[in-house]
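Peer 1: For reference, this is my_file-v5.tsv, and it has TSV, C-alpha atoms and all ligand atoms.
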```tsv
chain	number	residue	atom	x	y	z
A	39	MET	CA	-0.27	-93.00	143.86
A	40	LYS	CA	-3.62	-93.63	142.28
A	41	ALA	CA	-4.49	-91.44	139.29
A	42	MET	CA	-6.92	-91.21	136.42
A	43	VAL	CA	-4.98	-90.86	133.16
A	44	TYR	CA	-5.83	-90.47	129.48
A	45	LYS	CA	-3.54	-91.84	126.78
A	46	LYS	CA	-5.50	-90.70	123.74
A	47	TYR	CA	-7.76	-87.84	122.76
A	48	GLY	CA	-11.46	-88.59	122.47
A	49	SER	CA	-14.77	-89.18	124.24
A	50	PRO	CA	-15.02	-89.40	128.07
A	51	ASP	CA	-14.34	-93.16	128.04
A	52	VAL	CA	-10.62	-92.53	127.37
A	53	PHE	CA	-9.84	-92.42	131.10
A	54	GLU	CA	-8.21	-95.33	132.89
A	55	ILE	CA	-7.02	-95.82	136.46
A	56	ALA	CA	-3.25	-95.97	136.80
A	57	LYS	CA	-0.72	-96.32	139.57
A	58	LEU	CA	1.87	-93.57	139.14
A	59	LYS	CA	5.02	-92.84	141.07
A	60	ARG	CA	4.38	-90.46	143.93
A	61	PRO	CA	5.99	-87.14	142.89
A	62	GLN	CA	9.27	-86.11	144.52
A	63	ILE	CA	9.74	-82.51	145.60
A	64	LYS	CA	12.68	-80.13	145.18
A	65	SER	CA	13.81	-77.61	147.81
A	66	ASN	CA	11.33	-74.92	146.67
A	67	GLU	CA	8.36	-77.26	146.15
A	68	ILE	CA	5.32	-78.42	148.09
A	69	LEU	CA	3.70	-81.86	147.97
A	70	ILE	CA	-0.06	-81.75	148.34
A	71	LYS	CA	-2.42	-84.60	149.09
A	72	VAL	CA	-5.29	-83.69	146.78
A	73	HIS	CA	-8.72	-83.99	148.41
A	74	TYR	CA	-10.81	-82.38	145.68
A	75	THR	CA	-10.31	-81.32	142.08
A	76	THR	CA	-12.77	-80.31	139.35
A	77	VAL	CA	-13.67	-81.13	135.77
A	78	THR	CA	-13.36	-77.80	133.99
A	79	THR	CA	-14.31	-76.80	130.48
A	80	ALA	CA	-10.55	-76.64	129.79
A	81	ASP	CA	-10.19	-80.28	130.85
A	82	VAL	CA	-12.90	-81.40	128.46
A	83	ARG	CA	-11.34	-79.38	125.64
A	84	LEU	CA	-7.92	-80.96	126.25
A	85	ARG	CA	-9.49	-84.42	126.37
A	86	SER	CA	-11.68	-84.05	123.28
A	87	LEU	CA	-9.72	-81.46	121.26
A	88	ASN	CA	-13.07	-79.79	120.75
A	89	VAL	CA	-11.52	-76.32	120.62
A	90	PRO	CA	-12.45	-73.04	118.89
A	91	LYS	CA	-11.86	-72.97	115.13
A	92	GLY	CA	-8.18	-72.62	114.26
A	93	PHE	CA	-6.82	-73.80	117.62
A	94	GLY	CA	-6.82	-77.56	116.87
A	95	LEU	CA	-3.31	-77.72	115.43
A	96	ILE	CA	-1.91	-75.27	117.98
A	97	ILE	CA	-3.23	-77.41	120.87
A	98	ARG	CA	-1.86	-80.59	119.24
A	99	LEU	CA	1.57	-78.96	118.85
A	100	VAL	CA	1.57	-78.01	122.53
A	101	GLN	CA	-0.14	-81.07	124.02
A	102	GLY	CA	1.00	-83.81	121.66
A	103	LEU	CA	0.33	-84.29	117.95
A	104	THR	CA	-1.38	-87.70	117.97
A	105	LYS	CA	-1.77	-88.37	121.71
A	106	PRO	CA	-1.45	-86.32	124.88
A	107	ARG	CA	2.14	-86.01	126.16
A	108	LYS	CA	0.87	-85.15	129.64
A	109	GLN	CA	-1.55	-87.91	130.63
A	110	LEU	CA	-2.83	-86.28	133.79
A	111	LEU	CA	-5.59	-83.71	133.42
A	112	GLY	CA	-7.00	-81.35	136.05
A	113	SER	CA	-5.77	-78.02	137.41
A	114	ASP	CA	-7.99	-76.96	140.34
A	115	PHE	CA	-7.15	-78.55	143.65
A	116	SER	CA	-7.77	-78.35	147.36
A	117	GLY	CA	-5.95	-80.51	149.85
A	118	GLU	CA	-3.37	-80.79	152.57
A	119	VAL	CA	0.36	-80.08	152.50
A	120	VAL	CA	2.13	-83.36	153.26
A	121	ALA	CA	5.75	-82.35	152.58
A	122	VAL	CA	7.70	-79.16	151.90
A	123	GLY	CA	11.19	-78.57	150.47
A	124	ASN	CA	13.94	-77.07	152.67
A	125	ASN	CA	13.56	-73.57	151.22
A	126	VAL	CA	9.76	-73.33	151.54
A	127	LYS	CA	8.87	-70.71	154.16
A	128	GLU	CA	5.19	-69.99	153.58
A	129	PHE	CA	3.69	-73.46	154.05
A	130	VAL	CA	4.09	-76.23	156.59
A	131	THR	CA	2.88	-79.81	156.72
A	132	GLY	CA	-0.80	-79.92	157.61
A	133	ASP	CA	-1.76	-76.60	155.95
A	134	LYS	CA	-5.05	-76.78	154.04
A	135	VAL	CA	-4.41	-75.19	150.65
A	136	PHE	CA	-6.08	-74.61	147.29
A	137	GLY	CA	-5.10	-73.32	143.89
A	138	SER	CA	-4.23	-74.35	140.38
A	139	SER	CA	-1.60	-76.95	139.49
A	140	LYS	CA	0.25	-77.34	136.19
A	141	THR	CA	1.21	-80.97	136.80
A	142	GLY	CA	-2.32	-82.43	136.85
A	143	THR	CA	-4.74	-83.06	139.69
A	144	TYR	CA	-6.71	-86.18	138.74
A	145	ALA	CA	-4.43	-87.93	141.21
A	146	GLU	CA	-3.78	-88.40	144.91
A	147	PHE	CA	-0.86	-85.96	144.96
A	148	THR	CA	0.23	-82.86	143.12
A	149	VAL	CA	3.34	-80.68	143.35
A	150	LEU	CA	3.60	-76.90	143.26
A	151	LYS	CA	6.45	-74.45	143.60
A	152	ASP	CA	6.14	-72.21	146.68
A	153	ASN	CA	5.56	-69.21	144.40
A	154	GLY	CA	2.98	-71.14	142.35
A	155	THR	CA	-0.79	-70.63	142.27
A	156	ILE	CA	-1.42	-71.79	145.83
A	157	THR	CA	-2.68	-70.25	149.06
A	158	LYS	CA	-4.29	-71.29	152.33
A	159	ILE	CA	-8.01	-72.09	152.34
A	160	PRO	CA	-10.10	-69.45	154.13
A	161	ASP	CA	-11.78	-70.76	157.31
A	162	ASN	CA	-15.27	-69.93	156.05
A	163	ILE	CA	-15.31	-72.48	153.20
A	164	SER	CA	-14.86	-76.26	153.01
A	165	LEU	CA	-12.16	-78.05	151.03
A	166	GLU	CA	-14.83	-79.13	148.55
A	167	GLU	CA	-15.92	-75.51	148.02
A	168	ALA	CA	-12.32	-74.29	147.77
A	169	ALA	CA	-11.56	-76.63	144.86
A	170	SER	CA	-14.54	-75.27	142.94
A	171	LEU	CA	-13.16	-71.73	142.79
A	172	PRO	CA	-9.75	-71.27	141.10
A	173	PHE	CA	-10.60	-71.86	137.42
A	174	GLY	CA	-13.79	-69.82	137.12
A	175	ALA	CA	-12.83	-67.16	139.64
A	176	MET	CA	-9.32	-66.41	138.33
A	177	THR	CA	-10.59	-66.40	134.74
A	178	SER	CA	-13.32	-63.89	135.49
A	179	LEU	CA	-10.91	-61.80	137.59
A	180	THR	CA	-8.55	-61.62	134.60
A	181	PHE	CA	-11.32	-60.63	132.21
A	182	LEU	CA	-13.28	-58.17	134.36
A	183	ARG	CA	-10.48	-56.48	136.32
A	184	ASP	CA	-7.56	-56.63	133.87
A	185	LEU	CA	-9.03	-56.74	130.34
A	186	GLY	CA	-12.29	-54.98	131.17
A	187	GLU	CA	-11.02	-52.51	133.77
A	188	LEU	CA	-14.56	-52.70	135.14
A	189	LYS	CA	-15.59	-49.61	137.10
A	190	GLN	CA	-18.32	-48.67	139.52
A	191	GLY	CA	-21.64	-47.84	137.88
A	192	GLN	CA	-20.79	-49.39	134.51
A	193	LYS	CA	-23.42	-51.44	132.72
A	194	LEU	CA	-22.18	-54.99	132.32
A	195	LEU	CA	-23.73	-57.80	130.28
A	196	ILE	CA	-22.60	-61.31	131.24
A	197	ASN	CA	-23.37	-64.12	128.79
A	198	GLY	CA	-23.20	-67.67	130.16
A	199	ALA	CA	-23.94	-66.25	133.61
A	200	SER	CA	-24.74	-69.64	135.18
A	201	GLY	CA	-21.42	-71.34	134.32
A	202	SER	CA	-18.21	-71.40	136.33
A	203	LEU	CA	-16.95	-68.17	134.75
A	204	GLY	CA	-20.37	-66.53	134.92
A	205	THR	CA	-21.28	-67.30	138.54
A	206	ASN	CA	-17.92	-65.91	139.69
A	207	ALA	CA	-18.18	-62.92	137.33
A	208	ILE	CA	-21.55	-61.83	138.73
A	209	GLN	CA	-20.23	-61.79	142.28
A	210	MET	CA	-17.03	-59.93	141.35
A	211	ALA	CA	-18.90	-57.39	139.24
A	212	LYS	CA	-21.14	-56.75	142.25
A	213	MET	CA	-18.00	-55.99	144.29
A	214	TYR	CA	-16.86	-53.52	141.64
A	215	GLY	CA	-20.28	-51.82	141.78
A	216	ALA	CA	-21.40	-52.60	138.23
A	217	HIS	CA	-25.02	-52.80	137.06
A	218	ILE	CA	-25.26	-56.42	135.97
A	219	THR	CA	-27.46	-57.96	133.30
A	220	ALA	CA	-27.07	-61.75	133.29
A	221	ILE	CA	-27.96	-63.99	130.34
A	222	CYS	CA	-28.96	-67.52	131.30
A	223	SER	CA	-31.78	-70.01	130.79
A	224	GLY	CA	-34.98	-69.56	132.82
A	225	LYS	CA	-34.17	-72.33	135.31
A	226	ASN	CA	-31.09	-70.43	136.51
A	227	THR	CA	-32.77	-67.03	136.93
A	228	GLU	CA	-33.15	-67.24	140.72
A	229	LEU	CA	-29.54	-68.37	141.16
A	230	VAL	CA	-28.02	-65.51	139.15
A	231	LYS	CA	-30.25	-62.99	140.96
A	232	SER	CA	-29.15	-64.40	144.31
A	233	LEU	CA	-25.52	-63.92	143.25
A	234	GLY	CA	-26.11	-60.25	142.43
A	235	ALA	CA	-27.56	-59.86	138.92
A	236	ASP	CA	-29.76	-56.75	138.64
A	237	GLU	CA	-31.48	-57.87	135.46
A	238	VAL	CA	-31.80	-61.27	133.84
A	239	ILE	CA	-32.35	-62.22	130.21
A	240	ASP	CA	-33.64	-65.72	129.50
A	241	TYR	CA	-31.88	-66.56	126.24
A	242	THR	CA	-34.43	-69.27	125.46
A	243	LYS	CA	-37.18	-66.61	125.26
A	244	GLU	CA	-35.52	-63.33	124.33
A	245	ASP	CA	-33.15	-62.38	121.50
A	246	TYR	CA	-30.80	-60.00	123.32
A	247	LEU	CA	-29.01	-59.20	120.04
A	248	LYS	CA	-32.20	-57.43	118.92
A	249	SER	CA	-33.12	-55.74	122.23
A	250	GLY	CA	-31.48	-52.42	121.32
A	251	LYS	CA	-30.01	-52.15	124.85
A	252	LYS	CA	-26.42	-50.93	125.24
A	253	TYR	CA	-23.68	-51.80	127.70
A	254	ASP	CA	-20.27	-50.48	128.77
A	255	ILE	CA	-18.84	-53.99	129.03
A	256	ILE	CA	-20.00	-57.24	127.44
A	257	TYR	CA	-18.37	-60.32	129.01
A	258	ASP	CA	-19.22	-63.23	126.75
A	259	THR	CA	-17.97	-66.33	128.54
A	260	LEU	CA	-19.24	-68.57	125.72
A	261	GLY	CA	-18.02	-66.86	122.54
A	262	ILE	CA	-21.55	-66.58	121.16
A	263	ILE	CA	-21.60	-62.82	120.48
A	264	SER	CA	-19.35	-62.03	117.53
A	265	PRO	CA	-17.05	-58.97	117.50
A	266	LYS	CA	-19.24	-57.35	114.82
A	267	GLU	CA	-22.49	-58.02	116.71
A	268	SER	CA	-21.13	-56.50	119.89
A	269	LEU	CA	-20.42	-53.13	118.27
A	270	SER	CA	-24.11	-52.20	118.12
A	271	MET	CA	-24.57	-53.34	121.75
A	272	LEU	CA	-21.70	-51.31	123.22
A	273	ASN	CA	-21.75	-47.74	124.45
A	274	GLU	CA	-19.07	-45.41	123.07
A	275	GLY	CA	-15.67	-46.48	124.53
A	276	GLY	CA	-17.17	-49.81	125.64
A	277	ARG	CA	-15.41	-53.16	125.72
A	278	HIS	CA	-16.35	-56.64	124.55
A	279	LEU	CA	-14.49	-59.33	126.47
A	280	MET	CA	-14.36	-62.70	124.72
A	281	ALA	CA	-13.44	-65.71	126.85
A	282	VAL	CA	-13.81	-67.90	123.76
A	283	SER	CA	-12.72	-66.79	120.29
A	284	THR	CA	-11.68	-68.44	117.06
A	285	ILE	CA	-8.52	-67.62	115.10
A	286	PRO	CA	-10.56	-65.90	112.32
A	287	GLN	CA	-12.15	-63.74	115.05
A	288	TYR	CA	-8.68	-62.60	116.15
A	289	PHE	CA	-8.26	-61.17	112.62
A	290	ASP	CA	-11.69	-59.47	112.90
A	291	ILE	CA	-10.67	-57.99	116.25
A	292	PHE	CA	-7.44	-56.66	114.75
A	293	LYS	CA	-9.27	-55.09	111.79
A	294	LEU	CA	-11.93	-53.52	114.00
A	295	SER	CA	-9.28	-52.10	116.33
A	296	MET	CA	-8.05	-49.91	113.42
A	297	THR	CA	-11.37	-48.12	113.07
A	298	GLN	CA	-13.19	-48.42	116.42
A	299	ARG	CA	-12.98	-46.69	119.78
A	300	LYS	CA	-14.91	-49.64	121.15
A	301	LYS	CA	-12.43	-52.28	122.24
A	302	ILE	CA	-12.79	-56.01	121.65
A	303	LYS	CA	-10.53	-58.09	123.82
A	304	ALA	CA	-9.81	-61.79	123.67
A	305	GLY	CA	-7.26	-63.32	125.97
A	306	MET	CA	-6.18	-66.02	128.37
A	307	ALA	CA	-6.90	-66.32	132.06
A	308	ILE	CA	-3.96	-65.62	134.35
A	309	PHE	CA	-3.52	-68.21	137.07
A	310	ASN	CA	-0.88	-66.96	139.51
A	311	LYS	CA	-0.22	-66.48	143.20
A	312	ASN	CA	-1.51	-62.89	143.35
A	313	ASN	CA	-4.76	-63.88	141.72
A	314	ILE	CA	-5.45	-66.90	143.94
A	315	GLU	CA	-4.67	-64.72	146.99
A	316	THR	CA	-7.14	-62.13	145.72
A	317	ILE	CA	-9.78	-64.86	145.35
A	318	ALA	CA	-9.09	-66.04	148.91
A	319	GLU	CA	-9.52	-62.44	150.18
A	320	PHE	CA	-12.87	-62.14	148.39
A	321	VAL	CA	-13.97	-65.35	150.14
A	322	ILE	CA	-12.71	-64.20	153.56
A	323	ASN	CA	-14.65	-60.93	153.14
A	324	GLY	CA	-17.80	-62.88	152.33
A	325	LYS	CA	-17.98	-61.39	148.82
A	326	LEU	CA	-17.42	-64.59	146.84
A	327	LYS	CA	-19.35	-67.78	147.42
A	328	PRO	CA	-18.59	-71.04	145.62
A	329	VAL	CA	-21.27	-72.51	143.36
A	330	ILE	CA	-21.09	-76.28	143.00
A	331	ASP	CA	-23.31	-78.20	140.61
A	332	LYS	CA	-22.38	-81.82	141.41
A	333	THR	CA	-19.60	-83.77	143.07
A	334	PHE	CA	-18.37	-87.06	141.60
A	335	LYS	CA	-15.87	-89.64	142.83
A	336	LEU	CA	-12.57	-89.98	140.96
A	337	GLU	CA	-13.73	-93.41	139.71
A	338	ASP	CA	-16.68	-91.66	138.04
A	339	ILE	CA	-14.53	-89.23	136.05
A	340	GLU	CA	-16.03	-90.52	132.79
A	341	GLU	CA	-19.53	-89.65	133.99
A	342	ALA	CA	-18.30	-86.26	135.23
A	343	HIS	CA	-16.74	-85.50	131.82
A	344	ARG	CA	-19.94	-86.56	130.05
A	345	TYR	CA	-21.86	-84.16	132.27
A	346	VAL	CA	-19.52	-81.21	131.63
A	347	ASP	CA	-19.46	-82.04	127.89
A	348	MET	CA	-23.18	-81.24	127.73
A	349	GLY	CA	-22.41	-77.57	128.38
A	350	HIS	CA	-25.17	-76.99	130.94
A	351	LYS	CA	-23.36	-77.18	134.25
A	352	VAL	CA	-24.10	-74.58	136.89
A	353	GLY	CA	-20.90	-73.31	138.52
A	354	SER	CA	-18.37	-76.09	139.03
A	355	VAL	CA	-18.29	-79.89	138.86
A	356	VAL	CA	-16.11	-81.19	141.69
A	357	ILE	CA	-14.25	-84.50	141.98
A	358	ASN	CA	-13.74	-86.06	145.39
A	359	ILE	CA	-10.37	-87.79	145.57
A	360	GLU	CA	-10.29	-88.09	149.35
A	361	LYS	CA	-12.86	-90.88	149.26
A	362	ASP	CA	-10.51	-92.93	147.12
A	363	TYR	CA	-7.59	-92.59	149.49
A	364	ILE	CA	-5.32	-95.62	149.57
A	365	GLU	CA	-2.34	-95.79	151.90
A	366	LEU	CA	0.93	-96.10	150.03
A	401	LIG	N1	-9.96	-67.53	127.64
A	401	LIG	C1	-9.67	-68.24	128.72
A	401	LIG	O1	-8.59	-68.12	129.30
A	401	LIG	C2	-10.71	-69.18	129.27
A	401	LIG	C3	-10.56	-69.65	130.58
A	401	LIG	C4	-11.54	-70.49	131.08
A	401	LIG	C5	-12.61	-70.89	130.28
A	401	LIG	N2	-12.70	-70.44	129.01
A	401	LIG	C6	-13.82	-70.85	128.16
A	401	LIG	O2	-15.00	-70.29	128.69
A	401	LIG	C7	-16.11	-71.07	128.30
A	401	LIG	C8	-17.09	-71.13	129.44
A	401	LIG	O3	-16.53	-71.83	130.51
A	401	LIG	P1	-17.37	-72.21	131.80
A	401	LIG	O4	-16.47	-73.08	132.58
A	401	LIG	O5	-17.95	-71.03	132.46
A	401	LIG	O6	-18.57	-73.09	131.16
A	401	LIG	P2	-19.71	-73.89	131.90
A	401	LIG	O7	-19.44	-73.88	133.37
A	401	LIG	O8	-19.92	-75.15	131.18
A	401	LIG	O9	-20.99	-72.94	131.71
A	401	LIG	C9	-21.69	-72.77	130.59
A	401	LIG	C10	-23.05	-72.16	131.07
A	401	LIG	O10	-23.63	-71.46	129.99
A	401	LIG	C11	-25.03	-71.76	129.94
A	401	LIG	N3	-25.43	-71.68	128.53
A	401	LIG	C12	-25.42	-72.66	127.59
A	401	LIG	N4	-25.82	-72.17	126.41
A	401	LIG	C13	-26.07	-70.86	126.59
A	401	LIG	C14	-26.49	-69.79	125.73
A	401	LIG	N5	-26.76	-70.01	124.45
A	401	LIG	N6	-26.60	-68.57	126.26
A	401	LIG	C15	-26.34	-68.32	127.56
A	401	LIG	N7	-25.96	-69.28	128.44
A	401	LIG	C16	-25.81	-70.53	127.95
A	401	LIG	C17	-25.18	-73.14	130.54
A	401	LIG	O11	-26.41	-73.31	131.21
A	401	LIG	P3	-27.77	-73.67	130.41
A	401	LIG	O12	-27.39	-74.42	129.17
A	401	LIG	O13	-28.53	-74.54	131.35
A	401	LIG	O14	-28.45	-72.39	130.12
A	401	LIG	C18	-24.02	-73.19	131.56
A	401	LIG	O15	-24.45	-72.87	132.88
A	401	LIG	C19	-15.55	-72.44	127.88
A	401	LIG	O16	-15.77	-72.61	126.50
A	401	LIG	C20	-14.07	-72.35	128.19
A	401	LIG	O17	-13.31	-73.02	127.23
A	401	LIG	C21	-11.78	-69.59	128.48
```
Take the structure in this file and express it as structure tokens.
Ligand SMILES: NC(=O)c1ccc[n+]([C@@H]2O[C@H](COP(=O)([O-])OP(=O)(O)OC[C@H]3O[C@@H](n4cnc5c(N)ncnc54)[C@H](OP(=O)(O)O)[C@@H]3O)[C@@H](O)[C@H]2O)c1

Peer 2:
Amino acid sequence: MKAMVYKKYGSPDVFEIAKLKRPQIKSNEILIKVHYTTVTTADVRLRSLNVPKGFGLIIRLVQGLTKPRKQLLGSDFSGEVVAVGNNVKEFVTGDKVFGSSKTGTYAEFTVLKDNGTITKIPDNISLEEAASLPFGAMTSLTFLRDLGELKQGQKLLINGASGSLGTNAIQMAKMYGAHITAICSGKNTELVKSLGADEVIDYTKEDYLKSGKKYDIIYDTLGIISPKESLSMLNEGGRHLMAVSTIPQYFDIFKLSMTQRKKIKAGMAIFNKNNIETIAEFVINGKLKPVIDKTFKLEDIEEAHRYVDMGHKVGSVVINIEKDYIEL
């Protein structure tokens, strides 16, 4: 199968086209012909090793000390089931599915276990839209529902509201009945309002750290608001959810937890079957709409990575693999 691999860490020009063996499936696995994937902020971090302070060595130990052990990046996918193992009951050949793969998705095929992060694509979205959802939507679900325990009527501040985490977070918070203040640049104001933000702060004009306003939950998707800064912005019993945090900040969080009723929570997104099914239900109910910035071809992965590297994307950057289809 055709794939886009990287054999060293570095700038977006590390990618090269490769012909890999088409994956074989076991009895509990599903082979998917990938139609669309995305370039996520996690992909660019794994390519560049531009990670929060203190995580560099940890990532190298996991991913490969001097070069990546796993040469295939990408996790989001949408596509068609082309083969199933003997014990797979839930899916049949021809099903249109989406989710998050651990084996890499910058390729024509990917393999998932039947209990992996995979579900059928709702009828009311396209395959392209489906691929744009898993990363940002499951991350914001983990942070708002699980770490934040967001409740109706709570005041929520979302920083980085125009990104893939942010655009999904606004829509989910609306479902939970929160009062949402979204931080973004002026050009994205109309978008975040259309997704459900009640108030918008243009960070290029206003210093929200000095506004004196208080919130029940602060969801900082970018790791810009420090644990100490958030204390003065939180109501009593409030929570600061950090999607990005450095190792030194983990120590700050631990120290603050000894003296504070306000909770600061850093954590990792949970990508699993329950969560992707929840995302699909939100879509079916018309509560969650995909936000796509641009779609690139697989051949243009370098350009796509350069674009995501800039840190200004709106929602998701999608990669079309279908166009590159070559019969094997
Ligand atoms: N903890 C976890 O498990 C987890 C999971 C997924 C992602 N993450 C992390 O979450 C972060 C965000 O991911 P993402 O995919 O949502 O990023 P993204 O899609 O690149 O979005 C970033 C957004 O933030 C806006 N922005 C840039 N500077 C800003 C500022 N100073 N204030 C407010 N908004 C600003 C950008 O638009 P403008 O520049 O045009 O304003 C852009 O729309 C990444 O660093 C990623 O590593 C963590």

Peer 1: Excluding same-chain residues fewer than 3 positions from Ser49 of chain A, what lies within 9 Å of it counting all atoms listed in the file, as a ChimeraX atom specification?

Peer 2: /A:52,85-86,340,343-344

Peer 1: Using only C-alpha atoms, which of A:Leu84, A:Leu203, A:Ile68, A:Lys151 sits nearest Gly117 of chain A?

Peer 2: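 Closest candidate: A:Ile68.
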
Peer 1: Work out how far atom CA of Asn206 of chain A is from atom CA of Leu326 of chain A, in Å to one decimal.

Peer 2: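 Value for the atom CA of Leu326 of chain A-atom CA of Asn206 of chain A distance: 7.3 Å.
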
Peer 1: Which distance in Å separates atom CA of Thr180 of chain A and atom CA of Ala216 of chain A, to one decimal?

Peer 2: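 Atom-to-atom, atom CA of Thr180 of chain A and atom CA of Ala216 of chain A are spaced 16.1 Å apart.
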
Peer 1: Once 6 Å is added on each side, what centre and edge lengths in Å to one decimal does the axis-aligned box around all listed atoms of ligand LIG 401 (chain A) have, as AutoDock Vina command-line options?

Peer 2:
```
--center_x -18.6 --center_y -71.3 --center_z 128.9 --size_x 31.9 --size_y 19.6 --size_z 20.9
```

Peer 1: Counting only C-alpha atoms and all ligand atoms, which protein, DNA or RNA residues come within 6 Å of ligand LIG 401 (chain A), given as a list in words?

Peer 2: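 Result of the 6 Å neighbour search around ligand LIG 401 (chain A): Thr78, Thr79, Ala80, Thr177, Asn197, Gly198, Ser200, Gly201, Ser202, Leu203, Gly204, Ile221, Cys222, Ser223, Tyr241, Thr259, Leu260, Ala281, Val282, Gly305, Met306, Ala307, Gly349, His350, Lys351, Val352 and Gly353 of chain A.
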
Peer 1: Starting from the block above, write segment 307-343 of chain A out to a file with C-alpha atoms, as an mmCIF file, in the first residue's frame, please.

Peer 2:
```cif
data_model
loop_
_atom_site.group_PDB
_atom_site.id
_atom_site.type_symbol
_atom_site.label_atom_id
_atom_site.label_comp_id
_atom_site.auth_asym_id
_atom_site.auth_seq_id
_atom_site.Cartn_x
_atom_site.Cartn_y
_atom_site.Cartn_z
ATOM 1 C CA ALA A 307 -7.360 12.596 26.118
ATOM 2 C CA ILE A 308 -9.069 9.214 26.195
ATOM 3 C CA PHE A 309 -9.635 7.730 22.771
ATOM 4 C CA ASN A 310 -11.837 4.648 23.135
ATOM 5 C CA LYS A 311 -14.930 3.001 21.714
ATOM 6 C CA ASN A 312 -17.373 4.574 24.197
ATOM 7 C CA ASN A 313 -16.068 8.028 23.444
ATOM 8 C CA ILE A 314 -16.187 7.716 19.651
ATOM 9 C CA GLU A 315 -19.738 6.336 19.966
ATOM 10 C CA THR A 316 -20.679 9.324 22.103
ATOM 11 C CA ILE A 317 -19.255 11.649 19.437
ATOM 12 C CA ALA A 318 -21.276 9.838 16.754
ATOM 13 C CA GLU A 319 -24.453 10.270 18.864
ATOM 14 C CA PHE A 320 -23.791 14.000 19.210
ATOM 15 C CA VAL A 321 -23.502 14.193 15.412
ATOM 16 C CA ILE A 322 -26.669 12.137 14.825
ATOM 17 C CA ASN A 323 -28.580 14.449 17.189
ATOM 18 C CA GLY A 324 -27.348 17.471 15.247
ATOM 19 C CA LYS A 325 -25.468 18.817 18.287
ATOM 20 C CA LEU A 326 -21.934 18.519 16.916
ATOM 21 C CA LYS A 327 -20.873 19.839 13.539
ATOM 22 C CA PRO A 328 -17.409 19.286 12.070
ATOM 23 C CA VAL A 329 -15.230 22.327 11.424
ATOM 24 C CA ILE A 330 -12.711 21.858 8.620
ATOM 25 C CA ASP A 331 -10.086 24.452 7.789
ATOM 26 C CA LYS A 332 -8.446 22.942 4.692
ATOM 27 C CA THR A 333 -8.140 19.607 2.934
ATOM 28 C CA PHE A 334 -4.832 18.511 1.386
ATOM 29 C CA LYS A 335 -3.867 15.503 -0.710
ATOM 30 C CA LEU A 336 -1.607 12.869 0.852
ATOM 31 C CA GLU A 337 1.182 13.955 -1.532
ATOM 32 C CA ASP A 338 0.962 17.434 0.022
ATOM 33 C CA ILE A 339 1.501 16.232 3.591
ATOM 34 C CA GLU A 340 4.581 18.464 3.918
ATOM 35 C CA GLU A 341 2.509 21.542 3.085
ATOM 36 C CA ALA A 342 -0.233 20.371 5.462
ATOM 37 C CA HIS A 343 2.293 19.961 8.301
#
```
